[in-house]
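In what follows, a structure is listed as structure tokens, so that the remarks can point back to it.
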Amino acid sequence: MTEHASSSAWWMASRSFIAGSFSGAVLVLAGHPFDTIVVRMSSGQAGNASAWQCLQGTVRGEGLLALYKGVVPPLLVTGSINSVLFGTQAMLVKAQLQPGQKTATIQQTMKAAVGSGFVMSLLVAPMEGVKARLQVSTEAGAERRMLPNIFRIVRTLGFTTGLYRGWVPTALCRMTNWAYFGPYALVSQRLNPHGNKVTISTAVLAGSSAGICYWSVVFPLAVVKNRIQAAPDVTPPKYAGMAAAAKHV
């Protein structure tokens, strides 16, 4: 490979990472307030309140910035996580292609999503656990910073039962990425059957359709995951497993 080709390849990879990091940061900033309400409601903290009542209570009692509690962990790592996700997805799709096959089937795309989701769960479980704890923290004087909370969790509970608490439902949620990548590929192929350059309208429609399909499938698992990850850091744990957490929903 020539020096120019090597430099060009490096720049292409760097540009993709920068673009992914920037878009990931925008996504976190736009969606985190909604995520905070979802976590508070699914963890049981909001009781029987509606989403609107939970939002009003949070803002009135803790201020508008309370909606951004726990935003730092996903803000710092979302770009890197997205790069790993899409890179792993592409690698697993490519590994399934038969000789002469240029385009992956929907089934191959969905199978790859299960594998890439499992890999992702190993990376995101600690981040999502710390985020969930911060999002439901309402005590006066409670530590709000990310690193001190990580150190506290590891020191008091360890890695597997502390930092990786809730990994199983996290893995199941991430492995349900088949419900995103599959519909995305299906809608994209229907709207762009000849494989032309994807238009913004096609990408938006395919992405929104895939997002609806994904959350329709994964939401019950996400509720159980949030219950476990946002639970108090006590020994023995409040929930012995997914079944115990599901009973309290």
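Every chain in the structure tokens has a letter given in the order shown (A, B, ...), and although residue numbers restart at 1 in each chain, ligands are simply numbered from 1 in the order shown.
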
Nearby residues (only C-alpha atoms) at most 8 Å from segment 114-125 of chain A, same-chain spacing under 2 positions excluded, as number ranges by chain
A: 81, 84-85, 88-89, 92, 110-112, 127-129, 163-167, 170-178

Shell around Ala222 of chain A at 12 Å using only C-alpha atoms, local window under 5 positions removed, as a compact mmCIF listing (two decimals) with N, CA, C and O atoms, in the first residue's frame:
```txt
# COMPACT_ATOMS: atom_id res chain seq x y z
N ASP A 35 -34.89 9.50 28.20
CA ASP A 35 -34.35 8.28 28.80
C ASP A 35 -34.43 8.35 30.32
O ASP A 35 -34.71 7.34 30.98
N VAL A 38 -37.90 7.51 31.29
CA VAL A 38 -38.13 6.07 31.10
C VAL A 38 -37.50 5.27 32.23
O VAL A 38 -38.13 4.36 32.79
N VAL A 39 -36.27 5.59 32.59
CA VAL A 39 -35.57 4.86 33.65
C VAL A 39 -36.28 5.05 34.99
O VAL A 39 -36.46 4.09 35.75
N MET A 41 -39.42 5.71 35.54
CA MET A 41 -40.70 5.02 35.54
C MET A 41 -40.52 3.51 35.56
O MET A 41 -41.18 2.80 36.33
N SER A 42 -39.62 2.98 34.75
CA SER A 42 -39.45 1.54 34.68
C SER A 42 -38.73 0.97 35.89
O SER A 42 -38.88 -0.21 36.21
N SER A 43 -37.96 1.81 36.61
CA SER A 43 -37.30 1.34 37.83
C SER A 43 -38.25 1.29 39.01
O SER A 43 -37.92 0.75 40.06
N GLU A 128 -24.21 1.72 31.28
CA GLU A 128 -25.65 1.84 31.49
C GLU A 128 -26.01 1.67 32.97
O GLU A 128 -26.97 2.28 33.45
N ALA A 132 -27.90 4.61 35.01
CA ALA A 132 -29.20 4.37 35.64
C ALA A 132 -29.17 4.77 37.12
O ALA A 132 -30.14 5.36 37.62
N GLY A 166 -26.84 -6.61 36.11
CA GLY A 166 -27.79 -6.40 35.04
C GLY A 166 -27.22 -6.70 33.66
O GLY A 166 -27.84 -6.34 32.65
N TRP A 167 -26.07 -7.42 33.63
CA TRP A 167 -25.48 -7.71 32.31
C TRP A 167 -26.36 -8.64 31.48
O TRP A 167 -26.49 -8.44 30.26
N VAL A 168 -27.00 -9.63 32.11
CA VAL A 168 -27.81 -10.58 31.34
C VAL A 168 -28.95 -9.88 30.61
O VAL A 168 -29.10 -10.04 29.38
N PRO A 169 -29.79 -9.07 31.29
CA PRO A 169 -30.82 -8.36 30.52
C PRO A 169 -30.24 -7.34 29.54
O PRO A 169 -30.83 -7.10 28.49
N THR A 170 -29.07 -6.77 29.88
CA THR A 170 -28.42 -5.87 28.93
C THR A 170 -28.03 -6.62 27.66
O THR A 170 -28.24 -6.13 26.54
N ALA A 171 -27.47 -7.82 27.83
CA ALA A 171 -27.08 -8.64 26.67
C ALA A 171 -28.30 -9.01 25.84
O ALA A 171 -28.27 -8.94 24.60
N LEU A 172 -29.39 -9.39 26.50
CA LEU A 172 -30.60 -9.75 25.77
C LEU A 172 -31.17 -8.55 25.01
O LEU A 172 -31.65 -8.69 23.88
N CYS A 173 -31.10 -7.37 25.64
CA CYS A 173 -31.57 -6.15 24.96
C CYS A 173 -30.73 -5.87 23.73
O CYS A 173 -31.25 -5.57 22.64
N ARG A 174 -29.41 -5.93 23.88
CA ARG A 174 -28.53 -5.61 22.77
C ARG A 174 -28.60 -6.68 21.67
O ARG A 174 -28.48 -6.36 20.48
N THR A 176 -31.15 -8.09 20.81
CA THR A 176 -32.41 -7.84 20.12
C THR A 176 -32.22 -6.79 19.02
O THR A 176 -33.18 -6.36 18.38
N TYR A 214 -37.82 -2.00 16.83
CA TYR A 214 -36.90 -2.39 17.90
C TYR A 214 -37.50 -2.16 19.28
O TYR A 214 -37.52 -3.06 20.12
N TRP A 215 -38.01 -0.97 19.52
CA TRP A 215 -38.53 -0.67 20.85
C TRP A 215 -39.81 -1.42 21.17
O TRP A 215 -40.09 -1.73 22.33
N SER A 216 -40.58 -1.76 20.14
CA SER A 216 -41.78 -2.56 20.36
C SER A 216 -41.41 -3.95 20.89
O SER A 216 -42.15 -4.53 21.68
N VAL A 217 -40.27 -4.46 20.45
CA VAL A 217 -39.83 -5.80 20.86
C VAL A 217 -39.07 -5.77 22.17
O VAL A 217 -39.28 -6.60 23.06
N ARG A 227 -34.86 -1.93 36.14
CA ARG A 227 -35.17 -2.29 37.54
C ARG A 227 -33.94 -2.79 38.26
O ARG A 227 -33.67 -2.42 39.41
N ILE A 228 -33.20 -3.66 37.59
CA ILE A 228 -32.03 -4.28 38.21
C ILE A 228 -30.89 -3.27 38.35
O ILE A 228 -30.26 -3.16 39.41
N GLN A 229 -30.61 -2.52 37.29
CA GLN A 229 -29.46 -1.62 37.32
C GLN A 229 -29.68 -0.40 38.20
O GLN A 229 -28.71 0.13 38.76
N ALA A 230 -30.91 0.06 38.34
CA ALA A 230 -31.18 1.25 39.14
C ALA A 230 -31.51 0.92 40.59
O ALA A 230 -31.78 1.82 41.39
N MET A 242 -33.60 -11.75 36.87
CA MET A 242 -34.60 -11.15 36.00
C MET A 242 -36.02 -11.51 36.41
O MET A 242 -36.91 -10.66 36.39
N ALA A 245 -37.08 -9.44 39.39
CA ALA A 245 -37.32 -8.06 39.01
C ALA A 245 -38.63 -7.92 38.25
O ALA A 245 -39.39 -6.97 38.45
N ALA A 246 -38.91 -8.88 37.38
CA ALA A 246 -40.14 -8.84 36.58
C ALA A 246 -41.38 -8.92 37.46
O ALA A 246 -42.42 -8.33 37.14
N VAL A 249 -42.62 -5.51 38.64
CA VAL A 249 -43.02 -4.49 37.66
C VAL A 249 -44.52 -4.20 37.79
O VAL A 249 -45.31 -5.11 37.86
```

According to DSSP computed on the backbone, where in segment 136-203 of chain A is there alpha helix (DSSP H)? Give the residues as a PyMOL selection string.
chain A and resi 146-157+167-175+178-191+200-203

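When the distance limit is 12 Å and only C-alpha atoms are what count, the residues near segment 52-55 of chain A, minus those fewer than 4 positions from it on the same chain, are Pro33, Phe34, Asp35, Thr36, Ile37, Val38, Val39, Arg40, Met41, Ser42, Gly44, Gln45, Ala46, Gly47, Asn48, Val59, Arg60, Gly61, Glu62, Gly63, Leu64, Leu65, Ala66, Leu67 and Val136 of chain A.
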
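Every protein or nucleic acid residue with an atom no more than 7 Å from segment 187-197 of chain A, counting only C-alpha atoms and leaving out same-chain residues fewer than 4 positions away, appears here: Pro183, Thr202 and Ala206 of chain A.
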
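Note that the spacing between atom CA of Gly158 of chain A and atom CA of Asp233 of chain A amounts to 10.9 Å.
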
Could you check the closest approach to Gln107 of chain A for each of A:Val26, A:Ala185, A:Val154, A:Ala90 and tell me which residue wins, using only C-alpha atoms?
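Among the listed residues, the smallest separation from Gln107 of chain A belongs to A:Ala185.
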
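Atom pair atom CA of Ser209 of chain A / atom CA of Tyr180 of chain A: separated by 8.5 Å.
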